[in-house]
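J.: Okay, here's the structure, questions in a sec.
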Amino acid sequence: MKITNHTKKLTTITTVGLVSKPNDGTLCGYVREIEAALSKHDVTLLIEEKSAKLLGCGAGVSFESMCTRSDFLISLGGDGTLISLCRKSLHYHKPVLGIHAGQLGFLTDIQTDEISHFIEELFVGNYRIDTRMMLEVSLHVNGKIEKVVAFNDIVLSRSKISHMSNIKAYVDGQLFNSYYGDGLIVSTPTGSTAYNLSAGGPVVYPLTEALILTPICPHSLSQRPLVLPVDFEVSFESDGDTVIVVDGQDTYTMNEVDRVCVRSAKQGAELIHSLDRDYFDILKKKLHWGHV
């Protein structure tokens with residue numbers, strides 16, 4: 001397992017892109033605050049066109065144009081907004097800053113009342129950029145391969161409440177287990193505090209690089225979570241009663257997919273964080289650890 005360092009810094013900041021939480025038109029005030037804080041440093045804010053329309057902030061720009069022209073991107077919303085932005089923007093190689101305007105907020109650690117202060121901190125270098133491992137998911141369909149990326153996890157789950165999933169799992173092409181039950185989660189360390197945690201999987205430090213396999217309500221007492229080195233590729237075959245869900249955002253069925261292969265993506269997502277961010281403090285706060 002490899003721990004990724006966070007020594008990278010932004011070499012220039014002239015243009016910043018922003019995507020806001022879908023279906024929430026109440027965030028315009030925060031966008032104006034971000035824009036005002038950036039303008040003090042002669043930095044242009046580009047708002048993605050769907051977000052701009054929702055917030056009433058003009059025409060906005062296309063997602064592609066925003067990513068191409070920006071030095072870094074801002075996600076204004078919850079963890080779901082940030083995950084979606086990281087997935088869609090991955091091949092543009094742009095760091096992402098998450099501003100928390102959602103619910104739980106494991107990833108979006110900058111609060112809305114810290115916006116102006118943290119933007120000032122950016123321009124004096126008081127921040128860090130963490131690289132989070134992502135998953136490359138290959139869907140094999142009739143001899144063709146469709147590839148998508150996952151930030152948190154890929155879930156193979158039963159499609160009907162009256163049926164169990166029967167999932168054959170392979171490591172580097174060799175059959176090693178059959179999971180019979182409600183399904184299986186393949187998680188990144190960052191995603192270990194998401195569905196994986198609810199299913200009884202381990203919490204793994206997010207800058208670790210590893211594959212986490214956690215069965216969901218297995219029909220066997222011998223099935224347990226498994227943590228694998230990042231060098232392995234895991235693949236799965238199942239029947240038509242199994243669905244594949246990527247980061248809770250994209251869904252496929254095994255009726256359409258012959259085989260699913262999962263490995264570490266060649267590129268990770270880069271997240272901009274405050275130097276004050278402490279992962280273990282977040283765990284204590286969000287999971288209520290240490291309370292008596």
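Scheme for the structure tokens: letters A, B, ... for chains in order shown; per-chain residue numbers from 1; ligand numbers from 1 in order shown.
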Might you pull out every residue within 9 Å of Leu90 of chain A, with only C-alpha atoms counted and same-chain residues fewer than 6 positions away left off, and present them as an MDAnalysis selection string?
T.: chainID A and resid 149 267:270
J.: Can you tell me which residues surround segment 187-197 of chain A at a distance of at most 6 Å, considering only C-alpha atoms, apart from same-chain residues fewer than 2 positions away, and format the answer as an MDAnalysis selection string?
T.: chainID A and resid 152:153 199:201 203:204 206 211:212
J.: Selected residues, N, CA and C atoms, written as a PDB file, in the first residue's frame, please.
T.:
ATOM      1  N   ASN A 152     -15.782   6.879  -5.235  1.00  0.00           N
ATOM      2  CA  ASN A 152     -16.042   6.165  -3.983  1.00  0.00           C
ATOM      3  C   ASN A 152     -16.072   4.658  -4.151  1.00  0.00           C
ATOM      4  N   ASP A 153     -16.960   4.184  -5.041  1.00  0.00           N
ATOM      5  CA  ASP A 153     -17.173   2.743  -5.098  1.00  0.00           C
ATOM      6  C   ASP A 153     -17.948   2.318  -6.332  1.00  0.00           C
ATOM      7  N   ALA A 199     -21.965  -1.146   5.388  1.00  0.00           N
ATOM      8  CA  ALA A 199     -22.041  -2.593   5.185  1.00  0.00           C
ATOM      9  C   ALA A 199     -21.074  -3.360   6.080  1.00  0.00           C
ATOM     10  N   GLY A 200     -20.415  -2.656   6.989  1.00  0.00           N
ATOM     11  CA  GLY A 200     -19.517  -3.320   7.925  1.00  0.00           C
ATOM     12  C   GLY A 200     -18.084  -3.423   7.439  1.00  0.00           C
ATOM     13  N   GLY A 201     -17.738  -2.672   6.384  1.00  0.00           N
ATOM     14  CA  GLY A 201     -16.373  -2.688   5.879  1.00  0.00           C
ATOM     15  C   GLY A 201     -15.451  -1.835   6.718  1.00  0.00           C
ATOM     16  N   VAL A 203     -12.702   1.115   7.822  1.00  0.00           N
ATOM     17  CA  VAL A 203     -12.339   2.496   7.519  1.00  0.00           C
ATOM     18  C   VAL A 203     -10.852   2.502   7.173  1.00  0.00           C
ATOM     19  N   VAL A 204     -10.515   3.007   5.980  1.00  0.00           N
ATOM     20  CA  VAL A 204      -9.129   3.011   5.507  1.00  0.00           C
ATOM     21  C   VAL A 204      -8.702   4.454   5.263  1.00  0.00           C
ATOM     22  N   PRO A 206      -7.627   7.720   3.753  1.00  0.00           N
ATOM     23  CA  PRO A 206      -7.960   8.014   2.360  1.00  0.00           C
ATOM     24  C   PRO A 206      -6.783   8.187   1.416  1.00  0.00           C
ATOM     25  N   LEU A 211      -7.628  -1.665  -2.745  1.00  0.00           N
ATOM     26  CA  LEU A 211      -8.974  -2.056  -3.159  1.00  0.00           C
ATOM     27  C   LEU A 211      -9.663  -2.726  -1.975  1.00  0.00           C
ATOM     28  N   ILE A 212     -10.866  -2.298  -1.658  1.00  0.00           N
ATOM     29  CA  ILE A 212     -11.600  -2.828  -0.517  1.00  0.00           C
ATOM     30  C   ILE A 212     -12.836  -3.555  -1.030  1.00  0.00           C
TER      31      ILE A 212
END
J.: Applying 12 Å and only C-alpha atoms, which residues near segment 271-275 of chain A remain after dropping the ones on its own chain fewer than 5 positions away? List them as a PyMOL selection string.
T.: chain A and resi 6-10+72-75+82-83+85-86+90+93-100+106-111+114-115+117-122+125-133+151+190+206-207
J.: Enumerate the residues of segment 49-283 of chain A with a DSSP assignment of helix (DSSP H, G or I), computed from the backbone, and present them as a PyMOL selection string.
T.: chain A and resi 49-55+63-69+79-92+112-123+190-193+195-198+279-283
J.: Find the residue from A:Lys21, A:Arg224, A:Arg87, A:Lys160 that sits nearest to Met134 of chain A; use only C-alpha atoms when measuring.
T.: A:Arg87
J.: For Pro22 of chain A, work out the shell of residues within 12 Å, counting only C-alpha atoms and skipping chain neighbours fewer than 5 positions away, then give it as an MDAnalysis selection string.
T.: chainID A and resid 27 48:55 75:78 80:82 84:85 101:102
J.: For the residues selected in the previous step, produce a file with C-alpha atoms as a compact mmCIF listing (two decimals), in the first residue's frame.
T.:
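As written to disk, out18.txt reads:
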# COMPACT_ATOMS: atom_id res chain seq x y z
CA LEU A 27 -26.64 29.22 -3.42
CA GLU A 48 -20.83 26.03 -15.63
CA GLU A 49 -23.89 26.76 -17.78
CA LYS A 50 -26.40 24.51 -15.97
CA SER A 51 -25.36 25.93 -12.60
CA ALA A 52 -25.49 29.50 -13.96
CA LYS A 53 -29.03 28.98 -15.25
CA LEU A 54 -30.19 27.45 -11.98
CA LEU A 55 -28.68 30.26 -9.91
CA SER A 75 -17.62 22.29 -6.17
CA LEU A 76 -20.32 24.18 -4.24
CA GLY A 77 -22.62 21.63 -2.63
CA GLY A 78 -22.32 18.31 -0.85
CA GLY A 80 -22.24 14.07 -4.24
CA THR A 81 -21.61 17.30 -6.17
CA LEU A 82 -17.87 17.00 -5.59
CA SER A 84 -19.65 14.04 -9.81
CA LEU A 85 -17.31 16.93 -10.65
CA ALA A 101 -23.26 23.42 1.16
CA GLY A 102 -24.82 19.98 1.55
J.: Name the residues in contact with Ile161 of chain A at a cut-off of 10 Å, using only C-alpha atoms, excluding same-chain residues fewer than 2 positions from it; report them as a PyMOL selection string.
T.: chain A and resi 158-159+163-164+182+241
J.: What is the atom CA of Leu226 of chain A-atom CA of Val141 of chain A distance in Å, reported with one decimal?
T.: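 Separation between atom CA of Leu226 of chain A and atom CA of Val141 of chain A: 27.3 Å.
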J.: Quick one: of A:Val61, A:Tyr252, A:Val257, A:Ser89, who's nearest to Ile145 of chain A, counting only C-alpha atoms?
T.: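 That would be A:Val257, the residue with the smallest distance to Ile145 of chain A.
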J.: Just how far from atom CA of Arg259 of chain A is atom CA of Asp172 of chain A, in Å to one decimal?
T.: 13.4 Å
J.: Kindly indicate which residue among A:Ser116, A:Thr214, A:Leu156, A:Thr14 lies nearest to Asp250 of chain A, using only C-alpha atoms for the distances.
T.: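 The shortest atom-to-atom distance to Asp250 of chain A comes from A:Leu156.
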J.: According to DSSP computed on the backbone, where in segment 140-200 of chain A is there strand (DSSP E)? Give the residues as a compact mmCIF listing (two decimals) with N, CA, C and O atoms, in the first residue's frame.
T.:
# COMPACT_ATOMS: atom_id res chain seq x y z
N HIS A 140 -17.50 -5.03 -19.95
CA HIS A 140 -17.33 -5.82 -21.18
C HIS A 140 -18.71 -6.21 -21.71
O HIS A 140 -19.46 -6.94 -21.06
N VAL A 141 -19.03 -5.72 -22.91
CA VAL A 141 -20.35 -5.94 -23.51
C VAL A 141 -20.16 -6.39 -24.96
O VAL A 141 -19.69 -5.61 -25.80
N LYS A 144 -17.01 -5.59 -26.73
CA LYS A 144 -16.60 -4.20 -26.62
C LYS A 144 -16.43 -3.82 -25.15
O LYS A 144 -17.01 -4.45 -24.27
N ILE A 145 -15.63 -2.80 -24.91
CA ILE A 145 -15.35 -2.38 -23.54
C ILE A 145 -15.73 -0.91 -23.36
O ILE A 145 -15.27 -0.05 -24.12
N GLU A 146 -16.58 -0.65 -22.38
CA GLU A 146 -16.91 0.72 -21.98
C GLU A 146 -16.23 1.00 -20.65
O GLU A 146 -16.37 0.22 -19.71
N LYS A 147 -15.49 2.11 -20.59
CA LYS A 147 -14.77 2.43 -19.36
C LYS A 147 -15.36 3.67 -18.69
O LYS A 147 -15.65 4.66 -19.35
N VAL A 148 -15.54 3.58 -17.38
CA VAL A 148 -15.96 4.71 -16.56
C VAL A 148 -15.06 4.76 -15.34
O VAL A 148 -14.32 3.81 -15.06
N VAL A 149 -15.10 5.86 -14.60
CA VAL A 149 -14.29 5.98 -13.39
C VAL A 149 -15.21 6.12 -12.18
O VAL A 149 -16.34 6.62 -12.29
N ALA A 150 -14.71 5.68 -11.04
CA ALA A 150 -15.46 5.79 -9.78
C ALA A 150 -14.58 6.44 -8.74
O ALA A 150 -13.38 6.14 -8.63
N ASP A 153 -16.96 4.18 -5.04
CA ASP A 153 -17.17 2.74 -5.10
C ASP A 153 -17.95 2.32 -6.33
O ASP A 153 -18.58 3.12 -7.02
N ILE A 154 -17.87 1.01 -6.59
CA ILE A 154 -18.76 0.34 -7.52
C ILE A 154 -19.48 -0.74 -6.71
O ILE A 154 -18.86 -1.47 -5.94
N VAL A 155 -20.79 -0.79 -6.87
CA VAL A 155 -21.61 -1.72 -6.10
C VAL A 155 -22.29 -2.69 -7.05
O VAL A 155 -22.92 -2.28 -8.04
N LEU A 156 -22.15 -3.97 -6.79
CA LEU A 156 -22.90 -5.00 -7.48
C LEU A 156 -23.99 -5.47 -6.53
O LEU A 156 -23.69 -5.98 -5.45
N SER A 157 -25.24 -5.27 -6.92
CA SER A 157 -26.34 -5.48 -5.98
C SER A 157 -27.47 -6.24 -6.65
O SER A 157 -27.66 -6.16 -7.87
N ARG A 158 -28.24 -6.97 -5.85
CA ARG A 158 -29.40 -7.66 -6.40
C ARG A 158 -30.41 -6.64 -6.92
O ARG A 158 -30.61 -5.57 -6.33
N SER A 165 -28.11 -12.09 -5.21
CA SER A 165 -27.09 -12.05 -6.25
C SER A 165 -26.09 -13.17 -6.04
O SER A 165 -25.74 -13.51 -4.90
N ASN A 166 -25.63 -13.73 -7.13
CA ASN A 166 -24.58 -14.75 -7.10
C ASN A 166 -23.43 -14.20 -7.94
O ASN A 166 -23.51 -14.17 -9.17
N ILE A 167 -22.39 -13.73 -7.27
CA ILE A 167 -21.31 -13.01 -7.94
C ILE A 167 -20.01 -13.81 -7.86
O ILE A 167 -19.54 -14.14 -6.77
N LYS A 168 -19.45 -14.13 -9.00
CA LYS A 168 -18.16 -14.79 -9.05
C LYS A 168 -17.07 -13.72 -9.14
O LYS A 168 -17.14 -12.83 -9.98
N ALA A 169 -16.08 -13.80 -8.26
CA ALA A 169 -15.04 -12.79 -8.19
C ALA A 169 -13.68 -13.39 -8.54
O ALA A 169 -13.34 -14.50 -8.11
N TYR A 170 -12.92 -12.66 -9.35
CA TYR A 170 -11.62 -13.09 -9.82
C TYR A 170 -10.57 -12.05 -9.44
O TYR A 170 -10.84 -10.85 -9.49
N VAL A 171 -9.38 -12.51 -9.07
CA VAL A 171 -8.24 -11.62 -8.85
C VAL A 171 -7.19 -11.95 -9.89
O VAL A 171 -6.71 -13.08 -9.97
N GLN A 174 -7.96 -15.06 -11.85
CA GLN A 174 -8.13 -16.33 -11.15
C GLN A 174 -9.33 -16.25 -10.20
O GLN A 174 -9.43 -15.33 -9.38
N LEU A 175 -10.25 -17.23 -10.32
CA LEU A 175 -11.42 -17.26 -9.44
C LEU A 175 -10.97 -17.42 -8.00
O LEU A 175 -10.19 -18.31 -7.67
N PHE A 176 -11.45 -16.55 -7.11
CA PHE A 176 -11.07 -16.68 -5.71
C PHE A 176 -12.26 -16.74 -4.77
O PHE A 176 -12.13 -17.18 -3.63
N ASN A 177 -13.46 -16.33 -5.22
CA ASN A 177 -14.61 -16.38 -4.31
C ASN A 177 -15.90 -16.27 -5.10
O ASN A 177 -15.93 -15.75 -6.22
N SER A 178 -16.97 -16.74 -4.47
CA SER A 178 -18.32 -16.53 -4.98
C SER A 178 -19.14 -15.90 -3.85
O SER A 178 -19.19 -16.44 -2.74
N TYR A 179 -19.73 -14.74 -4.13
CA TYR A 179 -20.50 -14.02 -3.14
C TYR A 179 -21.99 -14.25 -3.42
O TYR A 179 -22.49 -13.91 -4.49
N TYR A 180 -22.66 -14.80 -2.42
CA TYR A 180 -24.09 -15.07 -2.53
C TYR A 180 -24.79 -14.28 -1.43
O TYR A 180 -24.57 -14.49 -0.25
N GLY A 181 -25.63 -13.33 -1.82
CA GLY A 181 -26.30 -12.49 -0.84
C GLY A 181 -26.87 -11.26 -1.50
O GLY A 181 -27.31 -11.31 -2.65
N ASP A 182 -26.81 -10.12 -0.81
CA ASP A 182 -27.38 -8.88 -1.36
C ASP A 182 -26.44 -8.19 -2.34
O ASP A 182 -26.87 -7.31 -3.10
N GLY A 183 -25.16 -8.54 -2.33
CA GLY A 183 -24.26 -7.93 -3.29
C GLY A 183 -22.86 -7.76 -2.75
O GLY A 183 -22.45 -8.38 -1.75
N LEU A 184 -22.09 -6.88 -3.41
CA LEU A 184 -20.69 -6.68 -3.10
C LEU A 184 -20.30 -5.24 -3.41
O LEU A 184 -20.73 -4.67 -4.42
N ILE A 185 -19.48 -4.64 -2.55
CA ILE A 185 -18.98 -3.28 -2.75
C ILE A 185 -17.49 -3.36 -3.02
O ILE A 185 -16.74 -4.01 -2.28
N VAL A 186 -17.04 -2.68 -4.08
CA VAL A 186 -15.61 -2.48 -4.31
C VAL A 186 -15.35 -0.99 -4.09
O VAL A 186 -15.85 -0.15 -4.83
N SER A 187 -14.58 -0.69 -3.07
CA SER A 187 -14.44 0.69 -2.62
C SER A 187 -12.99 1.18 -2.69
O SER A 187 -12.05 0.39 -2.56
J.: Check the smallest atom-to-atom distance from each of A:Asn142, A:Thr112, A:Ser70, A:His41 to Cys28 of chain A using only C-alpha atoms, then report the winner.
T.: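 Checking each of A:Asn142, A:Thr112, A:Ser70, A:His41 against Cys28 of chain A, counting only C-alpha atoms, the winner is A:Thr112.
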